[in-house]
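Engineer: My structure file entry.txt, compact mmCIF, C-alpha atoms, is below:
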```
# COMPACT_ATOMS: atom_id res chain seq x y z
CA MET A 137 7.63 -30.30 -38.99
CA ASN A 138 5.47 -33.06 -40.39
CA GLU A 139 2.69 -34.43 -38.20
CA ASN A 140 3.94 -37.94 -38.97
CA THR A 141 7.43 -37.24 -37.75
CA HIS A 142 8.29 -39.46 -34.84
CA ILE A 143 8.82 -37.24 -31.88
CA ASP A 144 9.09 -37.68 -28.17
CA GLN A 145 5.88 -35.88 -27.21
CA SER A 146 6.71 -35.73 -23.55
CA LYS A 147 9.85 -33.76 -24.37
CA LEU A 148 8.68 -31.81 -27.36
CA GLU A 149 5.37 -30.48 -26.00
CA PRO A 150 6.92 -28.30 -23.33
CA GLN A 151 9.46 -27.04 -25.85
CA ILE A 152 6.73 -26.11 -28.29
CA SER A 153 4.68 -24.55 -25.55
CA ASP A 154 7.70 -22.52 -24.47
CA LEU A 155 8.33 -21.31 -28.00
CA ILE A 156 4.69 -20.37 -28.52
CA ASN A 157 4.43 -18.52 -25.23
CA ARG A 158 7.71 -16.67 -25.64
CA SER A 159 6.84 -15.79 -29.24
CA ILE A 160 3.59 -14.21 -28.13
CA ASP A 161 5.49 -12.34 -25.43
CA GLY A 162 8.06 -11.14 -27.94
CA GLU A 163 10.89 -12.89 -26.17
CA LEU A 164 12.17 -15.16 -28.96
CA SER A 165 15.47 -14.74 -30.74
CA ALA A 166 15.43 -14.70 -34.53
CA ALA A 167 16.63 -18.29 -34.62
CA GLU A 168 13.98 -19.42 -32.19
CA GLN A 169 11.29 -17.59 -34.14
CA ALA A 170 12.44 -19.33 -37.31
CA GLU A 171 12.22 -22.65 -35.49
CA LEU A 172 8.68 -21.87 -34.43
CA ASP A 173 7.71 -20.75 -37.91
CA VAL A 174 8.72 -24.17 -39.20
CA LEU A 175 6.59 -25.82 -36.55
CA LEU A 176 3.64 -23.56 -37.35
CA ASP A 177 3.94 -24.32 -41.07
CA GLY A 178 4.12 -28.01 -40.51
CA SER A 179 1.55 -28.65 -37.78
CA LYS A 180 -2.10 -27.73 -37.64
CA ARG A 181 -2.09 -28.62 -33.96
CA VAL A 182 0.72 -26.20 -33.21
CA ARG A 183 -0.95 -23.50 -35.28
CA GLN A 184 -4.19 -24.02 -33.40
CA ALA A 185 -2.44 -23.85 -30.04
CA TYR A 186 -0.68 -20.68 -31.14
CA GLU A 187 -3.90 -19.00 -32.32
CA GLU A 188 -5.80 -19.97 -29.18
CA LEU A 189 -3.10 -18.63 -26.95
CA LYS A 190 -2.87 -15.46 -28.97
CA THR A 191 -6.61 -14.94 -28.57
CA THR A 192 -6.42 -15.49 -24.82
CA THR A 193 -3.48 -13.15 -24.32
CA GLY A 194 -5.16 -10.60 -26.59
CA ILE A 195 -8.18 -10.61 -24.31
CA LEU A 196 -5.98 -10.24 -21.24
CA ASP A 197 -3.90 -7.47 -22.78
CA GLY A 198 -7.04 -5.67 -23.90
CA ALA A 199 -8.81 -5.76 -20.55
CA PRO A 200 -9.46 -2.10 -19.67
CA GLU A 201 -7.85 -0.51 -16.67
CA ARG A 202 -9.97 0.46 -13.74
CA GLU A 203 -10.07 4.10 -12.68
CA PRO A 204 -8.92 4.58 -9.09
CA PRO A 205 -11.52 6.31 -6.91
CA GLU A 206 -11.31 10.11 -7.04
CA TYR A 207 -10.54 10.49 -3.34
CA LEU A 208 -7.55 8.15 -3.48
CA HIS A 209 -4.86 10.56 -4.65
CA LYS A 210 -5.69 13.18 -2.02
CA ALA A 211 -6.03 10.52 0.66
CA ILE A 212 -2.53 9.24 -0.08
CA ILE A 213 -0.91 12.66 -0.35
CA SER A 214 -2.50 13.86 2.89
CA GLN A 215 -1.29 10.85 4.87
CA VAL A 216 2.27 10.52 3.61
CA ARG A 217 4.94 11.90 5.92
CA LEU A 218 8.37 12.30 4.39
CA PRO A 219 11.62 12.07 6.29
CA VAL A 220 12.87 15.28 7.84
CA PRO A 221 16.35 15.94 6.46
CA GLY A 222 18.86 15.56 9.25
CA ALA A 223 16.57 13.47 11.43
CA ALA A 224 17.84 9.95 11.98
CA LYS A 225 15.72 6.94 12.75
CA THR A 226 16.53 5.24 16.02
CA SER A 227 15.66 2.12 17.87
CA GLY A 228 16.14 1.16 21.45
CA SER A 229 19.50 -0.45 20.89
CA GLY A 230 22.60 -0.18 18.78
CA LEU A 231 25.27 2.34 18.08
CA PHE A 232 23.03 5.38 17.90
CA SER A 233 21.39 4.45 21.18
CA ASN A 234 24.80 4.30 22.84
CA TRP A 235 25.68 7.65 21.38
CA LEU A 236 22.48 9.08 22.79
CA SER A 237 23.40 7.91 26.25
CA ALA A 238 26.07 10.61 26.44
CA PRO A 239 24.69 13.55 28.49
CA TRP A 240 26.07 16.15 26.08
CA ALA A 241 24.41 14.42 23.20
CA ARG A 242 21.10 14.29 24.99
CA THR A 243 21.20 17.99 25.71
CA GLY A 244 21.97 18.73 22.11
CA LEU A 245 19.27 16.39 20.99
CA ALA A 246 16.65 18.20 23.02
CA VAL A 247 17.22 21.16 20.77
CA ALA A 248 18.07 19.45 17.55
CA ALA A 249 15.73 16.50 17.51
CA GLY A 250 14.18 16.35 14.09
CA LEU A 251 10.59 16.09 15.11
CA VAL A 252 7.47 16.27 13.06
CA LEU A 253 4.19 15.94 14.82
CA THR A 254 0.73 15.83 13.46
CA VAL A 255 -2.09 15.34 15.90
CA SER A 256 -5.65 14.97 14.82
CA ILE A 257 -8.67 14.19 16.92
CA TYR A 258 -11.63 12.62 15.24
CA GLN A 259 -14.93 11.53 16.67
CA THR A 260 -16.33 8.44 14.99
CA ASP A 261 -18.81 5.71 15.66
CA THR A 262 -18.87 4.80 19.33
CA GLY A 263 -19.81 1.25 18.43
CA SER A 264 -18.31 -1.38 20.68
CA LEU A 265 -14.65 -0.60 20.10
CA SER A 266 -12.66 -1.77 23.07
CA PRO A 267 -9.04 -0.98 23.89
CA GLU A 268 -8.25 -4.49 22.68
CA ASP A 269 -10.08 -3.84 19.41
CA ALA A 270 -8.13 -0.67 18.95
CA SER A 271 -4.81 -2.34 19.67
CA GLY A 272 -5.72 -5.01 17.20
CA MET A 273 -5.87 -2.35 14.50
CA THR A 274 -2.17 -1.69 14.92
CA GLY A 275 -0.45 -1.40 11.61
CA THR A 276 -3.62 -1.17 9.56
CA ILE A 277 -4.43 1.69 7.27
CA MET A 278 -6.68 4.48 8.45
CA LYS A 279 -9.80 4.88 6.38
CA SER A 280 -9.92 8.37 4.98
CA PRO A 281 -11.13 10.38 7.96
CA LYS A 282 -14.20 12.45 7.19
CA GLY A 283 -14.47 14.04 10.60
CA VAL A 284 -15.02 17.77 11.00
CA LEU A 285 -11.89 19.71 11.82
CA LEU A 286 -12.47 21.48 15.13
CA ASP A 287 -9.11 22.72 16.28
CA SER A 288 -5.47 22.51 15.44
CA THR A 289 -2.05 23.59 16.58
CA ARG A 290 1.26 23.75 14.76
CA PHE A 291 4.74 24.58 15.96
CA THR A 292 8.34 24.82 14.90
CA VAL A 293 11.14 24.89 17.43
CA GLU A 294 14.60 24.68 15.93
CA ALA A 295 14.39 21.39 14.01
CA VAL A 296 11.22 20.46 15.84
CA ASN A 297 8.02 20.76 13.81
CA GLY A 298 4.55 19.82 14.89
CA LYS A 299 0.93 20.11 13.91
CA ALA A 300 -2.21 19.16 15.79
CA GLU A 301 -5.77 18.95 14.51
CA LEU A 302 -9.02 18.26 16.28
CA HIS A 303 -11.73 16.51 14.26
CA LEU A 304 -15.22 15.35 15.18
CA LYS A 305 -17.32 12.59 13.65
CA ASP A 306 -20.26 10.55 14.97
CA GLY A 307 -19.14 9.26 18.35
CA LEU A 308 -15.58 8.18 19.08
CA TRP A 309 -12.72 10.62 19.44
CA LEU A 310 -9.56 9.68 17.58
CA ILE A 311 -6.29 11.37 18.38
CA ASP A 312 -4.18 10.81 15.31
CA VAL A 313 -0.48 11.35 15.92
CA ASN A 314 2.29 11.48 13.35
CA LEU A 315 5.71 11.68 14.89
CA GLU A 316 9.22 11.66 13.56
CA SER A 317 12.13 12.18 15.85
CA ALA A 318 15.73 11.20 16.31
CA GLY A 319 15.14 10.27 19.94
CA GLU A 320 12.35 9.35 22.28
CA VAL A 321 9.41 11.70 22.37
CA VAL A 322 6.74 11.60 25.05
CA LEU A 323 3.23 12.79 24.39
CA ARG A 324 1.13 13.63 27.45
CA LEU A 325 -2.55 14.06 26.77
CA GLY A 326 -4.78 15.25 29.56
CA PHE A 327 -8.51 14.68 29.34
CA SER A 328 -11.41 15.12 31.69
CA ALA A 329 -11.86 11.69 33.26
CA GLU A 330 -15.46 12.60 34.11
CA ASN A 331 -16.32 13.08 30.47
CA PHE A 332 -14.02 10.69 28.64
CA GLU A 333 -12.47 7.31 29.00
CA TYR A 334 -9.47 5.89 27.18
CA ALA A 335 -10.63 3.53 24.44
CA GLY A 336 -7.37 2.26 22.97
CA VAL A 337 -4.41 2.91 20.72
CA ASN A 338 -3.82 2.02 17.12
CA GLY A 339 -0.58 2.04 15.20
CA LEU A 340 2.38 2.03 17.59
CA GLN A 341 4.96 -0.12 15.86
CA ASN A 342 8.44 0.25 17.27
CA PRO A 343 9.91 -1.88 20.04
CA GLY A 344 9.99 0.09 23.26
CA ASP A 345 6.89 2.17 22.46
CA SER A 346 4.53 2.35 25.39
CA VAL A 347 1.20 3.78 26.50
CA VAL A 348 0.32 4.47 30.13
CA VAL A 349 -3.04 5.83 31.24
CA GLU A 350 -3.43 7.23 34.75
CA ASN A 351 -5.78 9.75 36.29
CA GLY A 352 -7.02 11.28 33.07
CA VAL A 353 -3.59 11.47 31.48
CA ILE A 354 -2.41 9.34 28.57
CA LYS A 355 1.36 9.13 28.29
CA VAL A 356 2.78 7.76 25.04
CA SER A 357 6.48 7.16 24.67
CA SER A 358 7.77 6.47 21.19
CA SER A 359 10.72 7.08 18.95
CA GLY A 360 11.59 7.18 15.29
CA GLN A 361 8.90 7.68 12.71
CA GLN A 362 5.47 7.09 14.14
CA HIS A 363 1.85 7.35 13.15
CA PHE A 364 -0.61 6.29 15.79
CA GLU A 365 -4.08 7.03 17.06
CA LEU A 366 -5.36 7.40 20.58
CA LEU A 367 -9.04 6.80 21.10
CA LEU A 368 -11.33 8.39 23.65
CA ARG A 369 -14.93 7.53 24.38
CA ARG A 370 -17.57 9.54 26.20
CA THR A 371 -18.48 8.25 29.62
CA ALA A 372 -21.83 10.04 29.56
CA ALA A 373 -24.25 11.32 26.96
CA LEU A 374 -23.20 14.91 26.44
CA PRO A 375 -23.56 17.35 23.57
CA ALA A 376 -20.64 17.04 21.19
CA ASP A 377 -19.43 20.54 21.95
CA ASP A 378 -19.58 20.08 25.73
CA MET A 379 -15.98 19.20 26.35
CA THR A 380 -13.07 20.36 28.42
CA PRO A 381 -10.14 21.18 26.15
CA LEU A 382 -7.58 18.42 25.76
CA ALA A 383 -4.17 19.42 27.05
CA LEU A 384 -1.22 18.27 24.96
CA GLU A 385 2.44 18.32 25.83
CA PHE A 386 5.29 16.97 23.75
CA LEU A 387 8.55 16.29 25.53
CA ALA A 388 12.00 15.42 24.25
CA ASN A 389 14.50 14.40 26.92
CA ASN A 390 12.11 15.56 29.64
CA VAL A 391 11.93 19.02 28.14
CA VAL A 392 8.53 20.27 26.97
CA VAL A 393 9.06 21.28 23.36
CA HIS A 394 5.44 22.16 22.72
CA ALA A 395 2.26 22.54 24.76
CA ALA A 396 -1.21 23.29 23.48
CA GLU A 397 -4.91 22.84 24.14
CA LEU A 398 -7.27 21.41 21.57
CA ASP A 399 -10.77 22.67 22.14
CA GLY A 400 -13.72 21.01 20.42
CA SER A 401 -16.32 23.25 22.05
CA ARG A 402 -15.68 26.26 19.83
CA MET B 222 9.08 2.64 -15.31
CA HIS B 223 11.69 5.33 -15.96
CA LYS B 224 14.57 4.16 -13.83
CA ASP B 225 16.65 7.34 -13.79
CA ARG B 226 13.68 9.65 -13.28
CA ASP B 227 12.35 7.46 -10.49
CA ALA B 228 15.75 7.39 -8.82
CA ALA B 229 15.94 11.19 -8.92
CA LEU B 230 12.43 11.52 -7.47
CA VAL B 231 13.19 9.03 -4.72
CA ASN B 232 16.33 10.94 -3.87
CA ASP B 233 14.32 14.17 -3.64
CA CYS B 234 11.78 12.43 -1.40
CA LYS B 235 14.59 11.43 0.93
CA GLN B 236 15.31 15.14 1.26
CA GLY B 237 11.69 15.79 2.24
CA ASP B 238 10.55 17.09 -1.18
CA ARG B 239 6.77 16.68 -1.24
CA ARG B 240 6.56 17.65 -4.92
CA ALA B 241 8.68 14.62 -5.78
CA MET B 242 6.49 12.47 -3.54
CA THR B 243 3.35 13.74 -5.30
CA GLU B 244 4.89 12.97 -8.68
CA LEU B 245 5.72 9.42 -7.67
CA VAL B 246 2.21 8.94 -6.31
CA SER B 247 0.73 10.30 -9.55
CA GLN B 248 2.91 7.99 -11.60
CA TYR B 249 2.28 4.79 -9.67
CA GLU B 250 -1.14 5.26 -8.09
CA ARG B 251 -3.02 3.88 -11.09
CA PRO B 252 -0.82 0.84 -11.81
CA VAL B 253 -0.64 -0.09 -8.14
CA PHE B 254 -4.41 0.27 -7.77
CA ASN B 255 -5.04 -1.82 -10.88
CA ALA B 256 -2.62 -4.55 -9.88
CA ALA B 257 -4.28 -4.74 -6.46
CA TYR B 258 -7.73 -4.66 -8.02
CA ARG B 259 -6.93 -7.51 -10.40
CA ILE B 260 -5.63 -9.65 -7.56
CA LEU B 261 -8.36 -8.79 -5.09
CA GLY B 262 -11.32 -8.31 -7.42
CA ASN B 263 -12.68 -5.49 -5.31
CA ALA B 264 -12.15 -1.77 -5.87
CA ASP B 265 -12.58 -0.70 -2.23
CA ASP B 266 -10.01 -3.21 -1.04
CA ALA B 267 -7.69 -2.19 -3.86
CA ALA B 268 -7.96 1.47 -2.81
CA ASP B 269 -7.11 0.55 0.79
CA ILE B 270 -4.16 -1.52 -0.36
CA THR B 271 -2.97 1.32 -2.59
CA GLN B 272 -2.95 3.68 0.39
CA THR B 273 -1.10 1.14 2.48
CA VAL B 274 1.48 0.62 -0.25
CA PHE B 275 2.31 4.31 -0.57
CA LEU B 276 2.43 4.86 3.18
CA LYS B 277 4.86 1.96 3.49
CA VAL B 278 6.93 3.12 0.54
CA PHE B 279 7.44 6.61 1.92
CA GLU B 280 7.78 5.43 5.50
CA HIS B 281 10.74 3.35 4.37
CA ILE B 282 11.98 5.59 1.56
CA SER B 283 15.23 6.21 3.44
CA ASP B 284 15.90 2.47 3.38
CA TYR B 285 15.30 2.15 -0.37
CA ASP B 286 18.33 0.75 -2.16
CA PRO B 287 18.73 2.57 -5.51
CA LYS B 288 20.46 -0.42 -7.08
CA PHE B 289 16.99 -1.93 -7.37
CA ARG B 290 14.37 -0.47 -9.65
CA PHE B 291 11.78 1.61 -7.83
CA PHE B 292 8.89 0.11 -9.76
CA SER B 293 10.00 -3.40 -8.76
CA TRP B 294 10.07 -2.33 -5.14
CA ILE B 295 6.63 -0.69 -5.17
CA TYR B 296 5.11 -3.56 -7.13
CA ARG B 297 6.58 -6.06 -4.71
CA ILE B 298 4.98 -4.23 -1.80
CA ALA B 299 1.69 -3.98 -3.70
CA ILE B 300 1.65 -7.68 -4.54
CA ASN B 301 2.58 -8.73 -1.00
CA GLU B 302 -0.06 -6.48 0.55
CA SER B 303 -2.68 -7.76 -1.89
CA LEU B 304 -1.80 -11.40 -1.23
CA ASN B 305 -1.92 -10.79 2.51
CA GLN B 306 -5.40 -9.38 2.05
CA VAL B 307 -6.41 -12.44 0.03
CA LYS B 308 -5.16 -14.70 2.83
CA GLN B 309 -7.11 -12.74 5.43
CA ARG B 310 -10.36 -13.32 3.62
CA ARG B 311 -9.54 -16.81 2.33
CA ASN B 312 -12.68 -18.25 3.83
CA GLN B 313 -14.89 -15.59 2.36
CA GLU B 314 -16.44 -15.42 -1.07
CA PRO B 315 -14.41 -13.46 -3.62
CA LEU B 316 -15.59 -9.87 -3.58
CA ALA B 317 -15.57 -9.26 -7.31
CA ASP B 318 -17.65 -6.14 -7.51
CA SER B 319 -19.93 -4.90 -10.20
CA GLN B 320 -19.63 -1.27 -9.24
CA ALA B 321 -19.79 0.99 -12.28
CA SER B 322 -16.54 2.58 -13.31
CA PRO B 323 -16.17 5.99 -14.91
CA TRP B 324 -15.80 4.72 -18.47
CA ARG B 325 -15.75 7.32 -21.19
CA SER B 326 -18.97 6.71 -23.14
CA PRO B 327 -22.09 4.60 -22.65
CA GLU B 328 -21.12 2.14 -25.40
CA GLU B 329 -17.53 1.93 -24.26
CA HIS B 330 -18.80 1.67 -20.73
CA LEU B 331 -20.92 -1.37 -21.45
CA GLU B 332 -18.37 -3.15 -23.61
CA SER B 333 -15.42 -2.33 -21.40
CA LYS B 334 -17.29 -3.24 -18.28
CA ARG B 335 -18.38 -6.55 -19.77
CA LEU B 336 -14.86 -7.41 -20.81
CA CYS B 337 -13.39 -6.15 -17.57
CA ASN B 338 -15.80 -8.22 -15.49
CA ARG B 339 -15.32 -11.39 -17.54
CA VAL B 340 -11.58 -11.18 -17.36
CA GLN B 341 -11.80 -10.42 -13.68
CA GLY B 342 -14.13 -13.37 -13.14
CA ALA B 343 -11.68 -15.67 -14.87
CA LEU B 344 -8.76 -14.24 -12.92
CA MET B 345 -10.52 -14.83 -9.63
CA GLN B 346 -10.77 -18.52 -10.44
CA LEU B 347 -6.99 -18.83 -10.58
CA GLU B 348 -4.83 -19.67 -7.61
CA THR B 349 -3.08 -16.53 -6.41
CA ASP B 350 0.35 -17.67 -7.67
CA TYR B 351 -1.02 -17.92 -11.19
CA ARG B 352 -3.21 -14.83 -10.87
CA THR B 353 -0.23 -12.73 -9.80
CA VAL B 354 1.94 -13.56 -12.80
CA VAL B 355 -0.96 -12.97 -15.21
CA VAL B 356 -1.62 -9.58 -13.62
CA LEU B 357 2.02 -8.56 -13.76
CA LYS B 358 2.46 -9.78 -17.33
CA HIS B 359 -0.77 -8.69 -18.96
CA MET B 360 -2.12 -5.85 -16.81
CA SER B 361 1.14 -4.31 -15.62
CA GLY B 362 3.14 -5.07 -18.77
CA CYS B 363 6.15 -6.55 -16.98
CA SER B 364 8.73 -8.76 -18.68
CA TYR B 365 9.66 -12.21 -17.37
CA GLN B 366 12.78 -10.71 -15.84
CA GLN B 367 10.85 -7.93 -14.14
CA ILE B 368 8.27 -10.37 -12.76
CA SER B 369 11.12 -12.49 -11.48
CA GLU B 370 12.58 -9.44 -9.74
CA ILE B 371 9.25 -8.36 -8.25
CA LEU B 372 8.22 -11.79 -6.99
CA GLN B 373 11.77 -12.85 -6.23
CA ILE B 374 11.36 -16.17 -7.98
CA PRO B 375 13.43 -17.62 -10.86
CA GLU B 376 12.46 -16.64 -14.40
CA LYS B 377 11.91 -20.32 -15.13
CA THR B 378 9.21 -20.39 -12.44
CA VAL B 379 7.67 -17.21 -13.83
CA LYS B 380 7.33 -18.81 -17.26
CA SER B 381 6.04 -22.07 -15.89
CA ARG B 382 3.35 -20.32 -13.84
CA LEU B 383 2.45 -18.00 -16.68
CA TYR B 384 2.04 -20.79 -19.24
CA THR B 385 -0.13 -22.81 -16.89
CA ALA B 386 -2.16 -19.74 -15.93
CA ARG B 387 -2.80 -18.93 -19.57
CA GLN B 388 -4.02 -22.42 -20.27
CA LEU B 389 -6.40 -22.14 -17.35
CA MET B 390 -7.54 -18.71 -18.47
CA LYS B 391 -8.05 -20.00 -22.01
CA LYS B 392 -10.39 -22.66 -20.72
CA THR B 393 -12.30 -20.28 -18.46
CA LEU B 394 -12.59 -17.49 -20.98
CA GLY B 395 -13.49 -19.99 -23.69
CA SER B 396 -16.22 -21.49 -21.56
CA ARG B 397 -17.59 -17.99 -21.09
CA GLU B 398 -17.77 -17.57 -24.86
CA LEU B 399 -15.65 -14.50 -24.96
```
Give the structure from the file, written as structure tokens.
Structural biologist:
Amino acid sequence: MNENTHIDQSKLEPQISDLINRSIDGELSAAEQAELDVLLDGSKRVRQAYEELKTTTGILDGAPEREPPEYLHKAIISQVRLPVPGAAKTSGSGLFSNWLSAPWARTGLAVAAGLVLTVSIYQTDTGSLSPEDASGMTGTIMKSPKGVLLDSTRFTVEAVNGKAELHLKDGLWLIDVNLESAGEVVLRLGFSAENFEYAGVNGLQNPGDSVVVENGVIKVSSSGQQHFELLLRRTAALPADDMTPLALEFLANNVVVHAAELDGSR
Amino acid sequence: MHKDRDAALVNDCKQGDRRAMTELVSQYERPVFNAAYRILGNADDAADITQTVFLKVFEHISDYDPKFRFFSWIYRIAINESLNQVKQRRNQEPLADSQASPWRSPEEHLESKRLCNRVQGALMQLETDYRTVVVLKHMSGCSYQQISEILQIPEKTVKSRLYTARQLMKKTLGSREL
């Protein structure tokens, strides 16, 4: 195209721009490429625009990738919980909920509930974390916990699997719970009210989930796939290993499917 | 972006196969991290977002519809999480970091780091709509159609944003004498 050709700039400029951009991206047909070649041959301005854009995209394409931090892969792998085959997700309403209301189904579910539990207790910075602060963390990602593993428990009952770990780090105790079940599961956590106070919960997501704290017992009701943390704080300055074991019970349909103590004093 | 292989791995994950999960993480950890890094300009935030993305992906793996491409799904989550993070810190200064990366040799390190930082600096000056399409096109290697699928916007809009973003980048990179 000759520079002196009378053209409607307002219409042609976007067309030329489109051709140049799509040419650089390798998205032109042969006919379109031929059209652009004519424009490039006939216009210094078009050639200049093409070269400038090519330089810019070359810089962008050549920008080196960043290496992910070394810890990242392990951190992801260790936190991912996959579905348990045969375990269905539920919510508080709907067809499945109605099905669960049948007594025979509930009894069967107590045995067959696909349940995966992972419980970890970490001690972290006491800071000024309030129950409200902790609740506000709901749905956020856990930073890779670096706490020391103190105790753990694992169980398998029929289709019910569980694992509990006790970690310790700096000042605040985190009880990290991963839960997957077809129906409601209740976690009862007993702690010495003289030594600890409840500091909050982080991560409960499903409608109908609840936390009740009374007389040194935290009761968490949840269903479906869950990953949450309970937080405990010392009420008095005590050595880290001076603690009464934490009593854990997991119940499905009012039946205790697993009970254990996590002892950080060992 | 191997559709059939990804579909098979996702199917295995739905059956609780952790080896398949590990393979998917290995395959997509780096591109997800880099996409997040380019949008956020901060490696620590990008690492957090990457963790969040994979936790969400596998939490909802049973809901994944195989008629969509897995990479589009994971990229969409990565972009949305990154943009949410940008919104949360909108009133803060961009956290483009200068932390050294494990480049392969001292010379490559210096040159790569210089280029990486300049490009990142220019990217951070773009509005997030423009930044996102540049990242997906030039850092993630997506086609117009794939970007359209990931961002759920028409291809025409993808091209329009990309062309404008490139013009803006050209000016910024040119002014930095790259």
Engineer: May I have the residues of chain A within 8 Å of chain B, counting all atoms listed in the file, written as an NGL selection string?
Structural biologist: :A and (153-154 or 157 or 188-189 or 192-193 or 195-197 or 199-205 or 208-209 or 211-213 or 215-221 or 276-277 or 279 or 361)
Engineer: In Å, with one decimal, what is the gap from CA of Leu310 in chain A to CA of Leu368 in chain A?
Structural biologist: 6.5 Å
Engineer: Could you please determine the separation between CA of Ala185 in chain A and CA of Ala386 in chain B in Å, to one decimal place?
Structural biologist: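 These two atoms are separated by 14.7 Å.
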Engineer: Enter the distance from CA of Ala372 in chain A to CA of Glu301 in chain A, in Å, rounded to one decimal.
Structural biologist: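 If I compute the distance from CA of Ala372 in chain A to CA of Glu301 in chain A, I get 23.7 Å.
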Engineer: Identify which of the residues A:Val322, A:Arg158, A:Ala396, A:Glu385 lies closest to Lys377 in chain B, counting all atoms listed in the file when measuring atom-to-atom distances.
Structural biologist: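 The answer is A:Arg158, which sits nearest to Lys377 in chain B.
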Engineer: List as an NGL selection string: which residues have an atom within 12 Å of (0.6, -12.2, -9.0), counting only C-alpha atoms?
Structural biologist: :B and (255-261 or 296-305 or 307 or 344-345 or 347-361 or 363 or 368-369 or 371-374 or 379 or 382-383 or 386)
Engineer: Generate the output file for the selected residues, C-alpha atoms, as a tab-separated table (two decimals), in the frame of the given file.
Structural biologist:
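Output file result11.tsv follows:
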```tsv
chain	number	residue	atom	x	y	z
B	255	ASN	CA	-5.04	-1.82	-10.88
B	256	ALA	CA	-2.62	-4.55	-9.88
B	257	ALA	CA	-4.28	-4.74	-6.46
B	258	TYR	CA	-7.73	-4.66	-8.02
B	259	ARG	CA	-6.93	-7.51	-10.40
B	260	ILE	CA	-5.63	-9.65	-7.56
B	261	LEU	CA	-8.36	-8.79	-5.09
B	296	TYR	CA	5.11	-3.56	-7.13
B	297	ARG	CA	6.58	-6.06	-4.71
B	298	ILE	CA	4.98	-4.23	-1.80
B	299	ALA	CA	1.69	-3.98	-3.70
B	300	ILE	CA	1.65	-7.68	-4.54
B	301	ASN	CA	2.58	-8.73	-1.00
B	302	GLU	CA	-0.06	-6.48	0.55
B	303	SER	CA	-2.68	-7.76	-1.89
B	304	LEU	CA	-1.80	-11.40	-1.23
B	305	ASN	CA	-1.92	-10.79	2.51
B	307	VAL	CA	-6.41	-12.44	0.03
B	344	LEU	CA	-8.76	-14.24	-12.92
B	345	MET	CA	-10.52	-14.83	-9.63
B	347	LEU	CA	-6.99	-18.83	-10.58
B	348	GLU	CA	-4.83	-19.67	-7.61
B	349	THR	CA	-3.08	-16.53	-6.41
B	350	ASP	CA	0.35	-17.67	-7.67
B	351	TYR	CA	-1.02	-17.92	-11.19
B	352	ARG	CA	-3.21	-14.83	-10.87
B	353	THR	CA	-0.23	-12.73	-9.80
B	354	VAL	CA	1.94	-13.56	-12.80
B	355	VAL	CA	-0.96	-12.97	-15.21
B	356	VAL	CA	-1.62	-9.58	-13.62
B	357	LEU	CA	2.02	-8.56	-13.76
B	358	LYS	CA	2.46	-9.78	-17.33
B	359	HIS	CA	-0.77	-8.69	-18.96
B	360	MET	CA	-2.12	-5.85	-16.81
B	361	SER	CA	1.14	-4.31	-15.62
B	363	CYS	CA	6.15	-6.55	-16.98
B	368	ILE	CA	8.27	-10.37	-12.76
B	369	SER	CA	11.12	-12.49	-11.48
B	371	ILE	CA	9.25	-8.36	-8.25
B	372	LEU	CA	8.22	-11.79	-6.99
B	373	GLN	CA	11.77	-12.85	-6.23
B	374	ILE	CA	11.36	-16.17	-7.98
B	379	VAL	CA	7.67	-17.21	-13.83
B	382	ARG	CA	3.35	-20.32	-13.84
B	383	LEU	CA	2.45	-18.00	-16.68
B	386	ALA	CA	-2.16	-19.74	-15.93
```
Engineer: Supply range 369-377 of chain B as a short mmCIF file (atom, residue, chain, number, x, y, z; two decimals), in the coordinates of the input, with N, CA and C atoms built in where the input has gaps.
Structural biologist:
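What ended up in rebuild-v1.cif:
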```cif
data_model
loop_
_atom_site.label_atom_id
_atom_site.label_comp_id
_atom_site.auth_asym_id
_atom_site.auth_seq_id
_atom_site.Cartn_x
_atom_site.Cartn_y
_atom_site.Cartn_z
N SER B 369 10.19 -11.73 -12.33
CA SER B 369 11.12 -12.49 -11.48
C SER B 369 11.68 -11.61 -10.36
N GLU B 370 12.01 -10.38 -10.72
CA GLU B 370 12.58 -9.44 -9.74
C GLU B 370 11.52 -9.05 -8.70
N ILE B 371 10.32 -8.80 -9.17
CA ILE B 371 9.25 -8.36 -8.25
C ILE B 371 8.87 -9.48 -7.28
N LEU B 372 8.68 -10.68 -7.83
CA LEU B 372 8.22 -11.79 -6.99
C LEU B 372 9.37 -12.53 -6.32
N GLN B 373 10.58 -12.20 -6.75
CA GLN B 373 11.77 -12.85 -6.23
C GLN B 373 11.71 -14.37 -6.40
N ILE B 374 11.37 -14.75 -7.61
CA ILE B 374 11.36 -16.17 -7.98
C ILE B 374 12.14 -16.28 -9.30
N PRO B 375 12.67 -17.48 -9.62
CA PRO B 375 13.43 -17.62 -10.86
C PRO B 375 12.55 -17.37 -12.09
N GLU B 376 13.18 -16.89 -13.14
CA GLU B 376 12.46 -16.64 -14.40
C GLU B 376 11.79 -17.91 -14.91
N LYS B 377 12.47 -19.03 -14.69
CA LYS B 377 11.91 -20.32 -15.13
C LYS B 377 10.55 -20.55 -14.45
#
```
